[in-house]
Each structure stands twice: as structure tokens, then as C-alpha cells.
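Below is one structure, written out as C-alpha cells; comments come after it.
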Amino acid sequence: MALKHEPTAPYHSAQDALRVLETVARHSGVTDTELARRTGLEPERLTALLRMLRREGYVEQTTDGAYVTGDALTKLGSTDGREQALRERLQRTLDRLRDSVGAAVYLSRYVDGEVRISQYADGPTTPVVHEWVDFRSSAHATAIGKSLLGQLDHNSRREHLSRHKMARLTSRTITSDKLLLSRLETQPPTVPHLDLQEYAVGTVCAAVPITAGSAVGCLALSLPVEHAHRLRQAADTLNRSATPLLLSLTI
């Protein structure tokens with residue numbers, strides 16, 4: 001499988017955050033002034049990154065104002081219990097995102113040629129989409145599927161569609177592989193993929209790419225159609241808030 005990764009804003013933010021973390025780890029007890037000098041980041045951007053890293057527990061600030069590595073970084077950096085620590089951290093991030101966007105949110109990955117939803121966060125007022133057709137065979141109709149396919153190269157997309165018939169799930173479902181491939185090819189990486197009642201009547205969804213190394217993933221949300229007017233703003237919030245989740249996957 002060949003990838004067609006194009007860096008997004010969360011990707012760049014996560015890379016900058018990693019630079020800060022690496023510097024803190026090498027020079028324990030480093031000040032923000034020294035961090036700015038060593039990383040080359042603008043003070044305003046560095047301040048925002050340090051605020052996020054402190055909130056997530058990756059760095060801590062000592063009484064004299066210097067920065068040291070935090071407990072969260074220690075846990076994710078350890079081979080013992082790392083997977084459980086990562087899953088718990090991702091779930092906390094998804095729960096926080098659910099509350100901030102007021103929608104069910106999903107973390108999905110493209111693994112061994114299939115769409116997989118690895119984790120999600122829902123609630124009484126933010127229900128998940130009813131999976132009435134297997135998500136693995138309906139990538140053409142979901143925001144998640146389109147976001148994941150959009151990160152593959154042309155041949156990999158065609159190979160996926162050759163294994164999964166593009167069934168008409170609603171009157172809005174795209175069933176032409178030529179049309180779908182054309183839209184995937186021209187979709188800018190910074191623009192969320194949408195599902196406007198293409199998978200299920202009464203539901204709208206949006207998904208943004210999560211680029212972590214060679215892995216193909218995305219972060220998505222779903223809303224009842226009566227809240228469709230909130231979809232684009234919620235998707236923008238999701239995209240801006242993806243950095244902590246991407247950072248957890250990268251460490």
C-alpha cells in the first residue's frame with residue numbers, strides 16, 4: 001500500500017511539540033528562553049505548545065519556572081504497559097473532544113486494507129452512528145472512509161474499491177468509482193471530508209486526517225441531521241484539537 005500523505009496543521013504542530021519534548025528530555029530543567037533558542041520556535045508559538053504539553057502531562061514546570069518531563073511522557077515512553085497507557089490517554093482525549101464539539105467522535109485507522117474504528121467517545125446526547133452496513137464495506141459512503149482513502153495513492157484506492165462494491169445506501173450515496181476517485185484526488189488535505197446522509201438518512205459526519213508516521217488514520221465526528229448547520233464549525237474545531245491525539249500516537 002502506497003501513501004499520499006500531505007502534512008496538515010495538526011501534523012506540523014505535533015512535530016513542533018516533539019521538538020520541544022526532545023529538548024526538555026535532553027536538558028532537564030530548561031527554561032522557556034532556552035527552549036526558544038534551542039528549538040528556533042517563535043515565543044508565541046512556543047508558549048501555546050508548552051501550555052498544551054503541560055495540560056496533557058507531557059511536561060511539568062518546577063517552582064523556579066524551568067520545564068522537566070512529565071508523568072505522561074514517562075508512561076508512553078515505557079515498553080511496560082505502553083499500549084494500555086496509550087489507549088487510556090487517547091480515550092481521555094476523545095472524551096474531551098466529544099464534550100468540546102458536542103458530537104460523537106471516532107478514531108479510525110486503515111489497517112491491512114480495511115477501515116477500522118479503533119476507539120470512539122459517545123454519550124446520551126451524542127450517540128454514535130448505527131452501523132447498519134459494515135463500515136469496512138462502505139468507505140465510499142462515510143466521511144471516515146473517504147478520509148482514509150484520500151490518504152492513499154490512486155492505485156491503492158482503486159484496489160480497495162475493487163474489493164468493496166460501491167452499494168447505494170441512500171439516495172445521496174456516490175456509486176460511481178470514477179466520480180469518487182476524482183473527488184478524492186482534488187480534495188485538499190486541510191479540508192474535512194463530509195458525509196451528508198450518504199451512509200445513513202438522518203446523520204451527517206465529518207473527518208480529518210491523522211498522519212502519524214506511515215499509519216493512515218483519521219479523526220471524525222457525527223451529528224443528527226437537524227444539527228447539520230454545526231457540522232463545518234465542529235469539524236474545524238476537531239481539526240484544531242487533533243494535535244494532542246496525534247502527539248500521543250507519535251511518541
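Residues in the C-alpha cells are numbered from 1 in each chain, the chains being A, B, ... in the order shown, and ligands are numbered from 1 in the order shown.
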Subject >> Spatial neighbours of Asp32 in chain A, 9 Å, only C-alpha atoms, chain gap at least 4 places, as JSON, numbers by chain >> reply: {"A": [36, 37, 43, 46, 47, 50, 65, 66, 67]}
Subject >> Members of range 59-225 of chain A assigned helix (DSSP H, G or I) by DSSP, as a PyMOL selection string >> reply: chain A and resi 71-77+82-101+135-137+139-141+143-150+154-163+177-186+225
Original post:
Which residue, A:Val30, A:Ala234, A:Leu219, A:Ala103, has the smallest gap to Leu90 in chain A when you use only C-alpha atoms?
Top reply: A:Leu219
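Proximity ranking of A:Ile251, A:Leu221, A:Leu148, A:Ala228 relative to Pro127 in chain A places A:Leu221 first, based on only C-alpha atoms.
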Just list as a PDB file with all heavy atoms, in the first residue's frame whatever in range 76-193 of chain A DSSP marks as strand (DSSP E).
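The new file out.pdb reads:
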```pdb
ATOM      1  N   ALA A 104     -20.536  12.852  18.857  1.00  0.00           N
ATOM      2  CA  ALA A 104     -19.771  11.617  18.990  1.00  0.00           C
ATOM      3  C   ALA A 104     -18.517  11.742  18.138  1.00  0.00           C
ATOM      4  O   ALA A 104     -18.570  12.269  17.026  1.00  0.00           O
ATOM      5  CB  ALA A 104     -20.608  10.428  18.528  1.00  0.00           C
ATOM      6  N   VAL A 105     -17.378  11.286  18.657  1.00  0.00           N
ATOM      7  CA  VAL A 105     -16.119  11.372  17.907  1.00  0.00           C
ATOM      8  C   VAL A 105     -15.505   9.983  17.795  1.00  0.00           C
ATOM      9  O   VAL A 105     -15.708   9.121  18.661  1.00  0.00           O
ATOM     10  CB  VAL A 105     -15.127  12.357  18.553  1.00  0.00           C
ATOM     11  CG1 VAL A 105     -15.647  13.778  18.491  1.00  0.00           C
ATOM     12  CG2 VAL A 105     -14.825  11.972  19.993  1.00  0.00           C
ATOM     13  N   TYR A 106     -14.735   9.795  16.717  1.00  0.00           N
ATOM     14  CA  TYR A 106     -14.199   8.483  16.393  1.00  0.00           C
ATOM     15  C   TYR A 106     -12.737   8.599  15.977  1.00  0.00           C
ATOM     16  O   TYR A 106     -12.349   9.538  15.267  1.00  0.00           O
ATOM     17  CB  TYR A 106     -14.955   7.857  15.211  1.00  0.00           C
ATOM     18  CG  TYR A 106     -16.452   7.934  15.288  1.00  0.00           C
ATOM     19  CD1 TYR A 106     -17.120   9.142  15.023  1.00  0.00           C
ATOM     20  CD2 TYR A 106     -17.213   6.814  15.609  1.00  0.00           C
ATOM     21  CE1 TYR A 106     -18.505   9.217  15.091  1.00  0.00           C
ATOM     22  CE2 TYR A 106     -18.599   6.885  15.673  1.00  0.00           C
ATOM     23  CZ  TYR A 106     -19.242   8.091  15.414  1.00  0.00           C
ATOM     24  OH  TYR A 106     -20.612   8.165  15.469  1.00  0.00           O
ATOM     25  N   LEU A 107     -11.928   7.635  16.383  1.00  0.00           N
ATOM     26  CA  LEU A 107     -10.561   7.491  15.888  1.00  0.00           C
ATOM     27  C   LEU A 107     -10.544   6.246  15.009  1.00  0.00           C
ATOM     28  O   LEU A 107     -10.911   5.156  15.466  1.00  0.00           O
ATOM     29  CB  LEU A 107      -9.579   7.337  17.048  1.00  0.00           C
ATOM     30  CG  LEU A 107      -8.114   7.090  16.670  1.00  0.00           C
ATOM     31  CD1 LEU A 107      -7.542   8.262  15.880  1.00  0.00           C
ATOM     32  CD2 LEU A 107      -7.279   6.815  17.914  1.00  0.00           C
ATOM     33  N   SER A 108     -10.176   6.426  13.758  1.00  0.00           N
ATOM     34  CA  SER A 108     -10.209   5.311  12.815  1.00  0.00           C
ATOM     35  C   SER A 108      -8.868   5.165  12.125  1.00  0.00           C
ATOM     36  O   SER A 108      -8.129   6.143  11.954  1.00  0.00           O
ATOM     37  CB  SER A 108     -11.306   5.531  11.770  1.00  0.00           C
ATOM     38  OG  SER A 108     -11.424   4.425  10.909  1.00  0.00           O
ATOM     39  N   ARG A 109      -8.558   3.931  11.711  1.00  0.00           N
ATOM     40  CA  ARG A 109      -7.299   3.653  11.017  1.00  0.00           C
ATOM     41  C   ARG A 109      -7.555   2.728   9.832  1.00  0.00           C
ATOM     42  O   ARG A 109      -8.531   1.982   9.807  1.00  0.00           O
ATOM     43  CB  ARG A 109      -6.280   3.020  11.971  1.00  0.00           C
ATOM     44  CG  ARG A 109      -5.914   3.918  13.152  1.00  0.00           C
ATOM     45  CD  ARG A 109      -4.957   3.241  14.094  1.00  0.00           C
ATOM     46  NE  ARG A 109      -4.676   4.067  15.262  1.00  0.00           N
ATOM     47  CZ  ARG A 109      -3.919   3.689  16.281  1.00  0.00           C
ATOM     48  NH1 ARG A 109      -3.376   2.492  16.290  1.00  0.00           N
ATOM     49  NH2 ARG A 109      -3.710   4.498  17.301  1.00  0.00           N
ATOM     50  N   TYR A 110      -6.648   2.793   8.885  1.00  0.00           N
ATOM     51  CA  TYR A 110      -6.699   1.894   7.725  1.00  0.00           C
ATOM     52  C   TYR A 110      -5.643   0.823   7.961  1.00  0.00           C
ATOM     53  O   TYR A 110      -4.439   1.092   7.893  1.00  0.00           O
ATOM     54  CB  TYR A 110      -6.407   2.677   6.447  1.00  0.00           C
ATOM     55  CG  TYR A 110      -6.753   1.944   5.179  1.00  0.00           C
ATOM     56  CD1 TYR A 110      -8.073   1.783   4.782  1.00  0.00           C
ATOM     57  CD2 TYR A 110      -5.753   1.425   4.361  1.00  0.00           C
ATOM     58  CE1 TYR A 110      -8.403   1.116   3.613  1.00  0.00           C
ATOM     59  CE2 TYR A 110      -6.062   0.758   3.183  1.00  0.00           C
ATOM     60  CZ  TYR A 110      -7.387   0.602   2.822  1.00  0.00           C
ATOM     61  OH  TYR A 110      -7.699  -0.051   1.655  1.00  0.00           O
ATOM     62  N   VAL A 111      -6.092  -0.387   8.297  1.00  0.00           N
ATOM     63  CA  VAL A 111      -5.190  -1.464   8.691  1.00  0.00           C
ATOM     64  C   VAL A 111      -5.401  -2.680   7.803  1.00  0.00           C
ATOM     65  O   VAL A 111      -6.528  -3.160   7.662  1.00  0.00           O
ATOM     66  CB  VAL A 111      -5.422  -1.857  10.177  1.00  0.00           C
ATOM     67  CG1 VAL A 111      -4.451  -2.953  10.585  1.00  0.00           C
ATOM     68  CG2 VAL A 111      -5.284  -0.644  11.082  1.00  0.00           C
ATOM     69  N   GLU A 114      -8.228  -2.409   5.304  1.00  0.00           N
ATOM     70  CA  GLU A 114      -9.611  -2.275   5.768  1.00  0.00           C
ATOM     71  C   GLU A 114      -9.775  -1.066   6.687  1.00  0.00           C
ATOM     72  O   GLU A 114      -8.838  -0.667   7.385  1.00  0.00           O
ATOM     73  CB  GLU A 114     -10.055  -3.536   6.516  1.00  0.00           C
ATOM     74  CG  GLU A 114      -9.989  -4.823   5.707  1.00  0.00           C
ATOM     75  CD  GLU A 114     -10.938  -4.853   4.521  1.00  0.00           C
ATOM     76  OE1 GLU A 114     -11.811  -3.969   4.417  1.00  0.00           O
ATOM     77  OE2 GLU A 114     -10.815  -5.772   3.695  1.00  0.00           O
ATOM     78  N   VAL A 115     -10.989  -0.517   6.688  1.00  0.00           N
ATOM     79  CA  VAL A 115     -11.354   0.583   7.581  1.00  0.00           C
ATOM     80  C   VAL A 115     -11.671   0.012   8.956  1.00  0.00           C
ATOM     81  O   VAL A 115     -12.480  -0.904   9.080  1.00  0.00           O
ATOM     82  CB  VAL A 115     -12.584   1.339   7.032  1.00  0.00           C
ATOM     83  CG1 VAL A 115     -13.083   2.360   8.049  1.00  0.00           C
ATOM     84  CG2 VAL A 115     -12.250   2.013   5.711  1.00  0.00           C
ATOM     85  N   ARG A 116     -11.032   0.556   9.984  1.00  0.00           N
ATOM     86  CA  ARG A 116     -11.295   0.095  11.336  1.00  0.00           C
ATOM     87  C   ARG A 116     -11.480   1.292  12.275  1.00  0.00           C
ATOM     88  O   ARG A 116     -10.650   2.198  12.290  1.00  0.00           O
ATOM     89  CB  ARG A 116     -10.136  -0.763  11.855  1.00  0.00           C
ATOM     90  CG  ARG A 116      -9.967  -2.092  11.126  1.00  0.00           C
ATOM     91  CD  ARG A 116      -8.913  -2.949  11.772  1.00  0.00           C
ATOM     92  NE  ARG A 116      -8.680  -4.178  11.028  1.00  0.00           N
ATOM     93  CZ  ARG A 116      -7.746  -5.083  11.344  1.00  0.00           C
ATOM     94  NH1 ARG A 116      -6.966  -4.869  12.394  1.00  0.00           N
ATOM     95  NH2 ARG A 116      -7.595  -6.169  10.614  1.00  0.00           N
ATOM     96  N   ILE A 117     -12.548   1.288  13.029  1.00  0.00           N
ATOM     97  CA  ILE A 117     -12.742   2.290  14.067  1.00  0.00           C
ATOM     98  C   ILE A 117     -12.126   1.725  15.345  1.00  0.00           C
ATOM     99  O   ILE A 117     -12.627   0.751  15.902  1.00  0.00           O
ATOM    100  CB  ILE A 117     -14.225   2.628  14.267  1.00  0.00           C
ATOM    101  CG1 ILE A 117     -14.773   3.305  13.005  1.00  0.00           C
ATOM    102  CG2 ILE A 117     -14.418   3.530  15.480  1.00  0.00           C
ATOM    103  CD1 ILE A 117     -16.236   3.639  13.060  1.00  0.00           C
ATOM    104  N   SER A 118     -11.028   2.311  15.770  1.00  0.00           N
ATOM    105  CA  SER A 118     -10.282   1.750  16.893  1.00  0.00           C
ATOM    106  C   SER A 118     -10.817   2.212  18.241  1.00  0.00           C
ATOM    107  O   SER A 118     -10.794   1.460  19.213  1.00  0.00           O
ATOM    108  CB  SER A 118      -8.796   2.085  16.768  1.00  0.00           C
ATOM    109  OG  SER A 118      -8.606   3.467  16.553  1.00  0.00           O
ATOM    110  N   GLN A 119     -11.289   3.457  18.327  1.00  0.00           N
ATOM    111  CA  GLN A 119     -11.852   3.974  19.568  1.00  0.00           C
ATOM    112  C   GLN A 119     -12.877   5.055  19.240  1.00  0.00           C
ATOM    113  O   GLN A 119     -12.816   5.668  18.168  1.00  0.00           O
ATOM    114  CB  GLN A 119     -10.764   4.566  20.469  1.00  0.00           C
ATOM    115  CG  GLN A 119      -9.872   3.528  21.121  1.00  0.00           C
ATOM    116  CD  GLN A 119      -8.783   4.132  22.003  1.00  0.00           C
ATOM    117  OE1 GLN A 119      -7.607   4.030  21.699  1.00  0.00           O
ATOM    118  NE2 GLN A 119      -9.170   4.758  23.094  1.00  0.00           N
ATOM    119  N   TYR A 120     -13.796   5.273  20.165  1.00  0.00           N
ATOM    120  CA  TYR A 120     -14.783   6.339  19.970  1.00  0.00           C
ATOM    121  C   TYR A 120     -15.243   6.847  21.331  1.00  0.00           C
ATOM    122  O   TYR A 120     -15.015   6.211  22.368  1.00  0.00           O
ATOM    123  CB  TYR A 120     -15.975   5.851  19.151  1.00  0.00           C
ATOM    124  CG  TYR A 120     -16.783   4.751  19.798  1.00  0.00           C
ATOM    125  CD1 TYR A 120     -17.846   5.048  20.661  1.00  0.00           C
ATOM    126  CD2 TYR A 120     -16.488   3.405  19.556  1.00  0.00           C
ATOM    127  CE1 TYR A 120     -18.586   4.040  21.263  1.00  0.00           C
ATOM    128  CE2 TYR A 120     -17.224   2.397  20.159  1.00  0.00           C
ATOM    129  CZ  TYR A 120     -18.267   2.720  21.004  1.00  0.00           C
ATOM    130  OH  TYR A 120     -18.987   1.727  21.609  1.00  0.00           O
ATOM    131  N   ALA A 121     -15.874   8.003  21.307  1.00  0.00           N
ATOM    132  CA  ALA A 121     -16.454   8.571  22.524  1.00  0.00           C
ATOM    133  C   ALA A 121     -17.858   9.055  22.199  1.00  0.00           C
ATOM    134  O   ALA A 121     -18.049   9.849  21.278  1.00  0.00           O
ATOM    135  CB  ALA A 121     -15.599   9.731  23.042  1.00  0.00           C
ATOM    136  N   HIS A 193     -13.374  15.826   5.075  1.00  0.00           N
ATOM    137  CA  HIS A 193     -14.274  15.025   4.249  1.00  0.00           C
ATOM    138  C   HIS A 193     -15.632  14.970   4.943  1.00  0.00           C
ATOM    139  O   HIS A 193     -15.710  14.846   6.168  1.00  0.00           O
ATOM    140  CB  HIS A 193     -13.718  13.607   4.075  1.00  0.00           C
ATOM    141  CG  HIS A 193     -12.581  13.525   3.111  1.00  0.00           C
ATOM    142  ND1 HIS A 193     -12.749  13.309   1.761  1.00  0.00           N
ATOM    143  CD2 HIS A 193     -11.246  13.652   3.308  1.00  0.00           C
ATOM    144  CE1 HIS A 193     -11.570  13.295   1.169  1.00  0.00           C
ATOM    145  NE2 HIS A 193     -10.648  13.492   2.082  1.00  0.00           N
TER     146      HIS A 193
END
```
**OP:** Skip Ser28 in chain A itself and residues of its chain fewer than 6 positions away, then list as a VMD selection string all residues within 12 Å of it, counting only C-alpha atoms.
**Re:** chain A and resid 20 to 22 34 to 35 59 to 62 66 to 70
Check which residues of range 167-233 of chain A sit at most 7 Å from range 143-147 of chain A using only C-alpha atoms, and return one row each with the closest pair of atoms and their distance in Å to one decimal, ordered by chain and rising number, as CSV.
```
residue,atom,partner,partner_atom,distance
A:His193,CA,A:Ala143,CA,5.3
A:Leu194,CA,A:Ala143,CA,4.9
A:Asp195,CA,A:Ala143,CA,4.9
A:Cys205,CA,A:Ala143,CA,5.9
A:Ala206,CA,A:Ala143,CA,5.3
A:Ala207,CA,A:Ala143,CA,5.4
A:Val208,CA,A:Ser147,CA,6.5
A:Pro209,CA,A:Ser147,CA,6.2
A:Cys218,CA,A:Ser147,CA,6.6
A:Ala220,CA,A:Ile144,CA,6.3
```
Export of prior selection with N, CA, C and O atoms as a JSON list (two decimals), in the first residue's frame:
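Output file again-v6.json follows:
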```
[["chain", "number", "residue", "atom", "x", "y", "z"],
["A", 193, "HIS", "N", -13.37, 15.83, 5.07],
["A", 193, "HIS", "CA", -14.27, 15.02, 4.25],
["A", 193, "HIS", "C", -15.63, 14.97, 4.94],
["A", 193, "HIS", "O", -15.71, 14.85, 6.17],
["A", 194, "LEU", "N", -16.69, 15.07, 4.15],
["A", 194, "LEU", "CA", -18.03, 15.10, 4.71],
["A", 194, "LEU", "C", -18.87, 13.92, 4.24],
["A", 194, "LEU", "O", -18.64, 13.36, 3.16],
["A", 195, "ASP", "N", -19.82, 13.54, 5.04],
["A", 195, "ASP", "CA", -20.85, 12.56, 4.69],
["A", 195, "ASP", "C", -22.18, 13.21, 5.02],
["A", 195, "ASP", "O", -22.55, 13.32, 6.20],
["A", 205, "CYS", "N", -21.69, 13.55, 8.91],
["A", 205, "CYS", "CA", -20.39, 13.28, 9.53],
["A", 205, "CYS", "C", -19.29, 14.10, 8.86],
["A", 205, "CYS", "O", -19.45, 14.56, 7.72],
["A", 206, "ALA", "N", -18.18, 14.25, 9.57],
["A", 206, "ALA", "CA", -17.00, 14.91, 9.03],
["A", 206, "ALA", "C", -15.77, 14.19, 9.56],
["A", 206, "ALA", "O", -15.79, 13.65, 10.68],
["A", 207, "ALA", "N", -14.69, 14.19, 8.77],
["A", 207, "ALA", "CA", -13.46, 13.51, 9.18],
["A", 207, "ALA", "C", -12.25, 14.30, 8.72],
["A", 207, "ALA", "O", -12.25, 14.87, 7.62],
["A", 208, "VAL", "N", -11.21, 14.32, 9.57],
["A", 208, "VAL", "CA", -9.95, 14.99, 9.24],
["A", 208, "VAL", "C", -8.82, 13.98, 9.36],
["A", 208, "VAL", "O", -8.88, 13.08, 10.21],
["A", 209, "PRO", "N", -7.79, 14.08, 8.53],
["A", 209, "PRO", "CA", -6.70, 13.09, 8.56],
["A", 209, "PRO", "C", -5.82, 13.21, 9.79],
["A", 209, "PRO", "O", -5.62, 14.29, 10.33],
["A", 218, "CYS", "N", -7.68, 8.75, 10.84],
["A", 218, "CYS", "CA", -8.47, 9.98, 10.81],
["A", 218, "CYS", "C", -9.25, 10.14, 12.09],
["A", 218, "CYS", "O", -9.47, 9.17, 12.85],
["A", 220, "ALA", "N", -12.91, 11.71, 13.41],
["A", 220, "ALA", "CA", -14.21, 12.01, 12.81],
["A", 220, "ALA", "C", -15.26, 12.32, 13.87],
["A", 220, "ALA", "O", -15.07, 12.04, 15.07]]
```
**OP:** Tell me, as a list in words, which residues lie within 12 Å of Arg163 in chain A, counting only C-alpha atoms; anything in the same chain fewer than 3 positions away does not count.
**Re:**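 Near Arg163 in chain A, the qualifying residues are Gly113, Glu114, Arg136, Ser137, Ser138, Ala139, His140, Ser156, Arg157, Arg158, Glu159, His160 and Met166 of chain A.
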Could you take the residues named above and write them with C-alpha atoms, as a compact mmCIF listing (two decimals), in the first residue's frame?
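Listing of part.txt after writing:
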```txt
# COMPACT_ATOMS: atom_id res chain seq x y z
CA GLY A 113 -6.53 -2.80 3.60
CA GLU A 114 -9.61 -2.27 5.77
CA ARG A 136 -15.37 -1.90 6.17
CA SER A 137 -17.52 -2.27 3.05
CA SER A 138 -18.92 1.27 2.98
CA ALA A 139 -15.84 3.51 2.83
CA HIS A 140 -17.25 5.18 -0.29
CA SER A 156 -4.33 1.75 -3.60
CA ARG A 157 -7.70 3.48 -3.75
CA ARG A 158 -8.67 1.53 -6.87
CA GLU A 159 -7.53 -1.69 -5.25
CA HIS A 160 -9.74 -1.01 -2.22
CA MET A 166 -19.96 0.74 -4.06
```
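CA of Leu18 in chain A is found 12.8 Å from CA of Gly77 in chain A.
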Original post:
Which of these residues is nearest to Val101 in chain A, using only C-alpha atoms: A:Thr33, A:Arg168, A:Thr125, A:Ala17?
Top reply: A:Thr125
**OP:** Would you please work out which residue, of A:Ser100, A:Thr186, A:Gln233, A:Thr211, is nearest to His12 in chain A when using only C-alpha atoms?
**Re:**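 That would be A:Thr211, the residue with the smallest distance to His12 in chain A.
Distances from A:Ser241, A:Thr250, A:Thr142, A:Thr31 to Asp64 in chain A were compared using only C-alpha atoms, and the smallest one belongs to A:Thr31.
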